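See below for upload.pdb, which holds PDB, C-alpha atoms and all ligand atoms.
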ATOM      1  CA  MET Z  20      -2.736 -18.136 -15.864
ATOM      2  CA  THR Z  21       0.092 -18.750 -13.444
ATOM      3  CA  LYS Z  22       3.784 -19.119 -14.094
ATOM      4  CA  THR Z  23       6.457 -20.286 -11.714
ATOM      5  CA  GLY Z  24       9.406 -17.974 -11.187
ATOM      6  CA  ASN Z  25       9.906 -14.552  -9.668
ATOM      7  CA  ILE Z  26       6.802 -12.798  -8.403
ATOM      8  CA  VAL Z  27       5.971  -9.164  -7.672
ATOM      9  CA  ILE Z  28       2.766  -8.548  -5.732
ATOM     10  CA  LEU Z  29       1.257  -5.074  -5.384
ATOM     11  CA  THR Z  30      -1.376  -4.567  -2.711
ATOM     12  CA  GLY Z  31      -3.775  -1.676  -2.176
ATOM     13  CA  ALA Z  32      -6.417  -0.610   0.311
ATOM     14  CA  GLY Z  33      -8.778  -3.417  -0.785
ATOM     15  CA  ILE Z  34      -6.653  -6.055   0.950
ATOM     16  CA  SER Z  35      -7.173  -4.293   4.298
ATOM     17  CA  ALA Z  36     -10.891  -3.537   3.794
ATOM     18  CA  GLU Z  37     -12.000  -6.769   5.455
ATOM     19  CA  SER Z  38      -9.777  -5.889   8.424
ATOM     20  CA  GLY Z  39     -11.999  -2.844   8.941
ATOM     21  CA  LEU Z  40      -9.761  -0.181   7.366
ATOM     22  CA  SER Z  41     -11.372   2.273   4.967
ATOM     23  CA  THR Z  42     -10.403   2.280   1.310
ATOM     24  CA  PHE Z  43      -9.969   5.590  -0.510
ATOM     25  CA  ARG Z  44     -12.223   5.512  -3.540
ATOM     26  CA  ASP Z  45     -15.030   3.073  -2.755
ATOM     27  CA  GLU Z  46     -18.429   4.443  -1.730
ATOM     28  CA  ASN Z  47     -17.907   6.143   1.662
ATOM     29  CA  GLY Z  48     -14.141   5.834   1.122
ATOM     30  CA  LEU Z  49     -11.729   8.316   2.682
ATOM     31  CA  TRP Z  50     -11.634  10.585  -0.368
ATOM     32  CA  ALA Z  51     -15.427  10.897  -0.268
ATOM     33  CA  GLN Z  52     -15.117  12.336   3.241
ATOM     34  CA  HIS Z  53     -11.900  14.352   3.043
ATOM     35  CA  ARG Z  54     -10.419  16.567   0.344
ATOM     36  CA  ILE Z  55      -7.005  15.322  -0.834
ATOM     37  CA  GLU Z  56      -5.885  18.962  -1.148
ATOM     38  CA  GLU Z  57      -6.609  19.494   2.559
ATOM     39  CA  VAL Z  58      -4.992  16.403   4.085
ATOM     40  CA  ALA Z  59      -2.647  14.625   1.684
ATOM     41  CA  THR Z  60      -0.307  17.143   0.056
ATOM     42  CA  PRO Z  61       2.815  18.960   1.306
ATOM     43  CA  GLU Z  62       0.938  22.237   0.715
ATOM     44  CA  ALA Z  63      -1.901  21.101   3.007
ATOM     45  CA  PHE Z  64       0.645  20.353   5.736
ATOM     46  CA  ALA Z  65       2.302  23.747   5.288
ATOM     47  CA  ARG Z  66      -1.081  25.526   5.483
ATOM     48  CA  ASN Z  67      -2.678  23.577   8.316
ATOM     49  CA  PRO Z  68      -0.442  20.941   9.939
ATOM     50  CA  ALA Z  69      -2.893  20.342  12.816
ATOM     51  CA  ARG Z  70      -5.635  19.266  10.385
ATOM     52  CA  VAL Z  71      -3.248  16.913   8.565
ATOM     53  CA  HIS Z  72      -2.113  15.418  11.900
ATOM     54  CA  ARG Z  73      -5.771  14.891  12.933
ATOM     55  CA  PHE Z  74      -6.462  12.994   9.708
ATOM     56  CA  TYR Z  75      -3.445  10.669  10.063
ATOM     57  CA  ASN Z  76      -3.858  10.278  13.843
ATOM     58  CA  ALA Z  77      -7.358   8.914  13.161
ATOM     59  CA  ARG Z  78      -5.968   6.530  10.511
ATOM     60  CA  ARG Z  79      -3.196   5.408  12.894
ATOM     61  CA  LYS Z  80      -5.625   4.704  15.751
ATOM     62  CA  GLN Z  81      -7.822   2.620  13.425
ATOM     63  CA  ALA Z  82      -4.777   0.698  12.155
ATOM     64  CA  LEU Z  83      -3.398   0.103  15.655
ATOM     65  CA  HIS Z  84      -6.471  -1.985  16.495
ATOM     66  CA  ALA Z  85      -6.846  -3.705  13.120
ATOM     67  CA  MET Z  86      -5.835  -7.315  12.618
ATOM     68  CA  PRO Z  87      -4.618  -8.937   9.396
ATOM     69  CA  ASN Z  88      -7.184 -11.024   7.505
ATOM     70  CA  ALA Z  89      -6.881 -14.286   5.575
ATOM     71  CA  ALA Z  90      -5.466 -12.470   2.523
ATOM     72  CA  HIS Z  91      -2.534 -11.010   4.490
ATOM     73  CA  HIS Z  92      -1.880 -14.407   6.096
ATOM     74  CA  ALA Z  93      -1.933 -16.181   2.729
ATOM     75  CA  LEU Z  94       0.673 -13.768   1.321
ATOM     76  CA  THR Z  95       2.851 -14.436   4.366
ATOM     77  CA  GLU Z  96       2.658 -18.163   3.698
ATOM     78  CA  LEU Z  97       3.528 -17.538   0.038
ATOM     79  CA  GLN Z  98       6.489 -15.353   0.983
ATOM     80  CA  GLN Z  99       7.771 -18.042   3.352
ATOM     81  CA  LYS Z 100       7.342 -20.982   0.976
ATOM     82  CA  TRP Z 101       7.894 -19.566  -2.514
ATOM     83  CA  PRO Z 102      11.188 -20.976  -3.850
ATOM     84  CA  TYR Z 103      11.962 -17.999  -6.171
ATOM     85  CA  ASP Z 104      12.208 -14.238  -5.585
ATOM     86  CA  LEU Z 105       9.049 -12.611  -4.293
ATOM     87  CA  LEU Z 106       8.719  -8.874  -3.705
ATOM     88  CA  LEU Z 107       5.637  -7.719  -1.818
ATOM     89  CA  VAL Z 108       5.014  -4.049  -2.547
ATOM     90  CA  THR Z 109       2.213  -2.230  -0.809
ATOM     91  CA  GLN Z 110       0.626   1.162  -1.328
ATOM     92  CA  ASN Z 111      -0.901   0.747   2.115
ATOM     93  CA  VAL Z 112       0.397   2.726   5.048
ATOM     94  CA  ASP Z 113      -1.060   0.304   7.623
ATOM     95  CA  ASP Z 114       1.131  -2.429   9.126
ATOM     96  CA  LEU Z 115      -1.118  -5.424   8.501
ATOM     97  CA  HIS Z 116       1.405  -7.192   6.246
ATOM     98  CA  GLU Z 117       3.972  -6.937   9.059
ATOM     99  CA  LYS Z 118       1.444  -7.991  11.708
ATOM    100  CA  SER Z 119       0.842 -11.169   9.693
ATOM    101  CA  GLY Z 120       4.590 -11.812   9.451
ATOM    102  CA  SER Z 121       5.341 -10.582   5.900
ATOM    103  CA  ARG Z 122       8.119  -8.288   4.782
ATOM    104  CA  ALA Z 123       6.610  -5.559   2.604
ATOM    105  CA  VAL Z 124       8.053  -2.584   0.763
ATOM    106  CA  HIS Z 125       5.909   0.450   1.660
ATOM    107  CA  MET Z 126       6.040   2.675  -1.407
ATOM    108  CA  HIS Z 127       3.631   5.242   0.123
ATOM    109  CA  GLY Z 128       5.259   5.268   3.563
ATOM    110  CA  ALA Z 129       4.091   4.008   6.945
ATOM    111  CA  LEU Z 130       1.531   5.367   9.425
ATOM    112  CA  MET Z 131       3.511   4.064  12.382
ATOM    113  CA  ARG Z 132       6.584   6.137  11.513
ATOM    114  CA  ALA Z 133       7.258   9.855  11.871
ATOM    115  CA  LEU Z 134       9.493  11.894   9.583
ATOM    116  CA  CYS Z 135      11.214  15.197  10.270
ATOM    117  CA  ALA Z 136      10.332  17.635   7.489
ATOM    118  CA  ALA Z 137      13.553  19.544   8.234
ATOM    119  CA  CYS Z 138      16.293  16.884   8.509
ATOM    120  CA  ALA Z 139      14.546  13.713   7.186
ATOM    121  CA  HIS Z 140      15.205  11.768  10.399
ATOM    122  CA  ARG Z 141      12.648   8.955  10.966
ATOM    123  CA  TRP Z 142      11.368   7.475  14.218
ATOM    124  CA  ASP Z 143       8.452   5.437  15.578
ATOM    125  CA  SER Z 144       5.397   7.655  15.690
ATOM    126  CA  PRO Z 145       3.415   8.099  18.885
ATOM    127  CA  ALA Z 146      -0.289   7.254  18.480
ATOM    128  CA  ASP Z 147      -0.962  11.009  18.274
ATOM    129  CA  LEU Z 148       1.536  13.092  16.358
ATOM    130  CA  SER Z 149       1.174  16.866  16.762
ATOM    131  CA  VAL Z 150       2.690  20.218  15.882
ATOM    132  CA  GLU Z 151       4.209  20.203  19.394
ATOM    133  CA  ASP Z 152       6.354  17.131  18.659
ATOM    134  CA  THR Z 153      10.032  17.787  18.135
ATOM    135  CA  CYS Z 154      12.408  15.782  15.983
ATOM    136  CA  PRO Z 155      14.610  13.610  18.240
ATOM    137  CA  ALA Z 156      17.604  14.305  15.952
ATOM    138  CA  CYS Z 157      17.481  18.049  15.220
ATOM    139  CA  GLY Z 158      14.957  19.333  17.779
ATOM    140  CA  ALA Z 159      12.817  21.200  15.213
ATOM    141  CA  HIS Z 160       8.997  21.287  15.522
ATOM    142  CA  THR Z 161       8.679  19.722  12.094
ATOM    143  CA  ALA Z 162       7.370  16.215  12.798
ATOM    144  CA  ARG Z 163       5.127  14.864  10.039
ATOM    145  CA  PRO Z 164       3.730  11.405   9.341
ATOM    146  CA  ASP Z 165       6.106   9.341   7.185
ATOM    147  CA  ILE Z 166       3.551   9.243   4.383
ATOM    148  CA  VAL Z 167       4.175   9.924   0.698
ATOM    149  CA  TRP Z 168       1.753  12.700  -0.192
ATOM    150  CA  PHE Z 169       0.433  13.640  -3.612
ATOM    151  CA  GLY Z 170       3.205  15.444  -5.445
ATOM    152  CA  GLU Z 171       5.969  13.550  -3.598
ATOM    153  CA  MET Z 172       8.155  10.735  -4.905
ATOM    154  CA  PRO Z 173       7.154   7.207  -3.776
ATOM    155  CA  TYR Z 174       9.785   5.253  -1.867
ATOM    156  CA  HIS Z 175      11.907   2.303  -3.080
ATOM    157  CA  MET Z 176      11.172   2.855  -6.783
ATOM    158  CA  GLN Z 177      14.596   1.576  -7.917
ATOM    159  CA  ASP Z 178      14.142  -1.773  -6.146
ATOM    160  CA  ILE Z 179      10.544  -2.101  -7.323
ATOM    161  CA  LEU Z 180      11.325  -1.369 -10.981
ATOM    162  CA  SER Z 181      14.230  -3.775 -10.950
ATOM    163  CA  ALA Z 182      12.033  -6.549  -9.479
ATOM    164  CA  LEU Z 183       9.335  -5.828 -12.101
ATOM    165  CA  GLN Z 184      11.902  -6.075 -14.896
ATOM    166  CA  ASN Z 185      12.902  -9.509 -13.607
ATOM    167  CA  CYS Z 186       9.532 -10.963 -12.700
ATOM    168  CA  ASP Z 187       7.618 -13.848 -14.249
ATOM    169  CA  LEU Z 188       4.321 -13.082 -12.556
ATOM    170  CA  PHE Z 189       2.824  -9.783 -11.426
ATOM    171  CA  ALA Z 190      -0.294  -9.665  -9.239
ATOM    172  CA  ALA Z 191      -2.244  -6.585  -8.153
ATOM    173  CA  ILE Z 192      -4.567  -7.106  -5.191
ATOM    174  CA  GLY Z 193      -7.268  -4.660  -4.066
ATOM    175  CA  THR Z 194      -6.084  -1.546  -5.854
ATOM    176  CA  SER Z 195      -8.139   0.753  -8.079
ATOM    177  CA  GLY Z 196      -5.293   1.432 -10.520
ATOM    178  CA  GLN Z 197      -5.835   5.183 -10.317
ATOM    179  CA  VAL Z 198      -2.582   6.303  -8.727
ATOM    180  CA  TYR Z 199       0.727   6.315 -10.587
ATOM    181  CA  PRO Z 200       3.418   5.065 -10.563
ATOM    182  CA  ALA Z 201       1.817   1.944  -9.005
ATOM    183  CA  ALA Z 202      -0.910   1.874 -11.685
ATOM    184  CA  GLY Z 203       1.826   1.507 -14.328
ATOM    185  CA  PHE Z 204       3.493  -1.548 -12.759
ATOM    186  CA  VAL Z 205       1.369  -3.923 -14.834
ATOM    187  CA  GLN Z 206       2.788  -2.410 -18.040
ATOM    188  CA  GLU Z 207       6.350  -2.763 -16.712
ATOM    189  CA  ALA Z 208       5.665  -6.418 -15.906
ATOM    190  CA  LEU Z 209       4.122  -7.058 -19.331
ATOM    191  CA  SER Z 210       7.191  -5.508 -20.986
ATOM    192  CA  ALA Z 211       9.305  -7.993 -19.035
ATOM    193  CA  GLY Z 212       7.189 -10.855 -20.460
ATOM    194  CA  ALA Z 213       5.504 -11.619 -17.126
ATOM    195  CA  ALA Z 214       2.063 -13.120 -16.654
ATOM    196  CA  THR Z 215      -0.308 -10.677 -14.965
ATOM    197  CA  VAL Z 216      -3.299 -11.216 -12.715
ATOM    198  CA  GLU Z 217      -5.619  -8.806 -10.949
ATOM    199  CA  LEU Z 218      -7.527  -9.779  -7.789
ATOM    200  CA  ASN Z 219     -10.292  -7.308  -6.943
ATOM    201  CA  LEU Z 220     -13.911  -7.094  -5.902
ATOM    202  CA  LYS Z 221     -14.705  -5.529  -9.258
ATOM    203  CA  ASP Z 222     -13.041  -4.168 -12.387
ATOM    204  CA  SER Z 223     -10.446  -1.476 -11.762
ATOM    205  CA  ASP Z 224      -9.219   1.293 -14.070
ATOM    206  CA  MET Z 225      -6.331  -0.988 -15.094
ATOM    207  CA  SER Z 226      -8.267  -4.262 -15.533
ATOM    208  CA  TYR Z 227      -7.932  -4.074 -19.309
ATOM    209  CA  ALA Z 228      -4.146  -4.437 -19.000
ATOM    210  CA  PHE Z 229      -4.193  -7.712 -17.022
ATOM    211  CA  GLN Z 230      -4.238 -11.116 -18.690
ATOM    212  CA  ASP Z 231      -6.239 -12.693 -15.864
ATOM    213  CA  GLN Z 232      -8.822 -11.468 -13.418
ATOM    214  CA  ILE Z 233      -9.970 -13.084 -10.195
ATOM    215  CA  THR Z 234     -13.073 -11.396  -8.823
ATOM    216  CA  GLY Z 235     -14.211 -11.510  -5.214
ATOM    217  CA  PRO Z 236     -13.266 -10.460  -1.681
ATOM    218  CA  ALA Z 237      -9.522 -10.688  -1.056
ATOM    219  CA  SER Z 238     -10.002 -12.815   2.077
ATOM    220  CA  GLU Z 239     -11.383 -15.561  -0.191
ATOM    221  CA  THR Z 240      -9.617 -15.081  -3.519
ATOM    222  CA  VAL Z 241      -6.070 -14.559  -2.213
ATOM    223  CA  PRO Z 242      -5.852 -17.777  -0.119
ATOM    224  CA  GLN Z 243      -7.250 -19.787  -3.070
ATOM    225  CA  TRP Z 244      -4.805 -18.176  -5.514
ATOM    226  CA  VAL Z 245      -1.874 -18.741  -3.149
ATOM    227  CA  GLY Z 246      -2.923 -22.372  -2.720
ATOM    228  CA  ARG Z 247      -2.880 -22.867  -6.504
ATOM    229  CA  LEU Z 248       0.528 -21.195  -6.849
ATOM    230  CA  LEU Z 249       2.116 -23.264  -4.095
ATOM    231  CA  SER Z 250       0.716 -26.484  -5.528
ATOM    232  CA  GLN Z 251       2.530 -25.695  -8.824
ATOM    233  CA  ALA Z 252       5.819 -24.504  -7.348
TER
HETATM  234  P1  LIG A 301      -8.580   2.621  -3.601
HETATM  235  O1  LIG A 301      -9.506   2.990  -2.507
HETATM  236  O2  LIG A 301      -8.394   3.575  -4.725
HETATM  237  O3  LIG A 301      -9.066   1.245  -4.253
HETATM  238  C1  LIG A 301      -9.407   0.143  -3.468
HETATM  239  C2  LIG A 301      -9.659  -1.031  -4.386
HETATM  240  O4  LIG A 301      -9.889  -2.169  -3.571
HETATM  241  C3  LIG A 301     -10.880  -0.873  -5.308
HETATM  242  O5  LIG A 301     -10.507  -1.237  -6.633
HETATM  243  C4  LIG A 301     -11.905  -1.864  -4.734
HETATM  244  O6  LIG A 301     -12.706  -2.461  -5.729
HETATM  245  C5  LIG A 301     -10.998  -2.893  -4.096
HETATM  246  N1  LIG A 301     -11.595  -3.600  -2.945
HETATM  247  C6  LIG A 301     -12.361  -3.087  -1.954
HETATM  248  N2  LIG A 301     -12.667  -4.038  -1.056
HETATM  249  C7  LIG A 301     -12.057  -5.183  -1.471
HETATM  250  C8  LIG A 301     -11.997  -6.528  -0.983
HETATM  251  N3  LIG A 301     -12.608  -6.889   0.145
HETATM  252  N4  LIG A 301     -11.302  -7.437  -1.693
HETATM  253  C9  LIG A 301     -10.675  -7.090  -2.853
HETATM  254  N5  LIG A 301     -10.693  -5.844  -3.366
HETATM  255  C10 LIG A 301     -11.378  -4.904  -2.698
HETATM  256  O7  LIG A 301      -7.186   2.213  -2.917
HETATM  257  P2  LIG A 301      -5.741   2.099  -3.568
HETATM  258  O8  LIG A 301      -5.810   1.598  -4.961
HETATM  259  O9  LIG A 301      -4.897   1.362  -2.605
HETATM  260  O10 LIG A 301      -2.166   7.032  -1.645
HETATM  261  O11 LIG A 301      -5.289   3.607  -3.580
HETATM  262  C11 LIG A 301      -4.014   3.948  -4.050
HETATM  263  C12 LIG A 301      -3.493   5.148  -3.316
HETATM  264  O12 LIG A 301      -4.439   6.212  -3.411
HETATM  265  C13 LIG A 301      -3.330   4.961  -1.824
HETATM  266  O13 LIG A 301      -2.110   4.341  -1.471
HETATM  267  C14 LIG A 301      -3.378   6.362  -1.300
HETATM  268  C15 LIG A 301      -4.567   6.852  -2.111
HETATM  269  O14 LIG A 301      -4.660   8.200  -2.318
HETATM  270  C16 LIG A 301      -1.734   8.062  -0.918
HETATM  271  O15 LIG A 301      -2.333   8.489   0.055
HETATM  272  C17 LIG A 301      -0.445   8.646  -1.403
END
Please lay out the structure from this file as structure tokens.
Ligand code: OAD
Amino acid sequence: MTKTGNIVILTGAGISAESGLSTFRDENGLWAQHRIEEVATPEAFARNPARVHRFYNARRKQALHAMPNAAHHALTELQQKWPYDLLLVTQNVDDLHEKSGSRAVHMHGALMRALCAACAHRWDSPADLSVEDTCPACGAHTARPDIVWFGEMPYHMQDILSALQNCDLFAAIGTSGQVYPAAGFVQEALSAGAATVELNLKDSDMSYAFQDQITGPASETVPQWVGRLLSQA
């Protein structure tokens, strides 16, 4: 089912998988190789900042060389041509939406940015961020990746919730539906009377909540779905 009108699109790690970036919860995903409690919480950073930096430095280096795939490009075309409001929200911390020319709201932060844990100043991250780095604003040795860790508040929630309350179509692409608040966006959209569609390789934890499902690799399903939407606009 598709409906013309305002659209909110949520993307997850699955959209970047065919660009060579690891997902989190698939077989051999990042959380099969690393413990969340050791690399993705404020407590982990307080205990062992060097280990946390190593983890995100590796992610950043992978992302620096990755190129957007057909799914990212299709969303860029949709964002450029769609005649109504379209908010692209991503849980991804890579910059593949931007590399393809889209504007995306990064609710879980951005690998390419650094954040001062002391004064909240943000700046472009070097490829390797370390405990030696000082904040350009306050000079403290408190540089951290600008990533929303478990236990922290995702960014831009006000704007996202307001777009969901005013949307006619909500699409979730390549996300397992296991991490809130993003996993709850489909319910927000349904409450607003929106049509909902999930695009994924397989069923997710939230599949039951979506009215429509499109199954397959994002590089194939997203361009086809975008083509159908634009032909109806
Ligand atoms: P997950 O790794 O949990 O889920 C990836 C989803 O993508 C799965 O549902 C796969 O079936 C699907 N998938 C994999 N390859 C695909 C492909 N080629 N085409 C379409 N779908 C594909 O990743 P997220 O749902 O993004 O947060 O994870 C959410 C959050 O959990 C992340 O932002 C991260 C993580 O912990 C933080 O680090 C705060």
Exercise for the section: Enumerate residues in contact with ligand LIG 301 (chain A): an atom-to-atom distance of at most 6 Å, counting only C-alpha atoms and all ligand atoms. Format the result as a PyMOL selection string. Expected result: chain Z and resi 31-34+36-37+42-45+110-111+127+167-169+193-196+198+219-221+223+236-237
Handout entry: Nearest-residue call for Z:Arg122, choices Z:Leu97, Z:Ala146, Z:Ala90, Z:Ile166, using only C-alpha atoms
Key = Z:Leu97
Practice task
Would you list the contacts of Z:Arg132 as a list in words, taking every protein, DNA or RNA residue within 9 Å and counting all atoms listed in the file, but skipping same-chain residues closer than 6 positions in sequence?
Solution key: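 Non-adjacent residues within range: Arg141, Trp142, Asp143, Ser144, Pro145, Arg163, Pro164, Asp165 and Ile166 of chain Z.
The list of residues with at least one atom within 9 Å of Z:Cys186, based on only C-alpha atoms and without residues fewer than 4 positions apart in the same chain, reads Gly24, Asn25, Ile26, Val27, Asp104, Leu105, Ser181, Ala182, Ala208, Ala211, Gly212, Ala213 and Ala214 of chain Z.
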Centre and edge lengths, as AutoDock Vina command-line options, for the axis-aligned box enclosing every listed atom of stretch 30-44 of chain Z with 8 Å of padding on each of the six sides, in Å to one decimal?
--center_x -6.8 --center_y -0.6 --center_z 2.7 --size_x 26.8 --size_y 28.4 --size_z 28.5
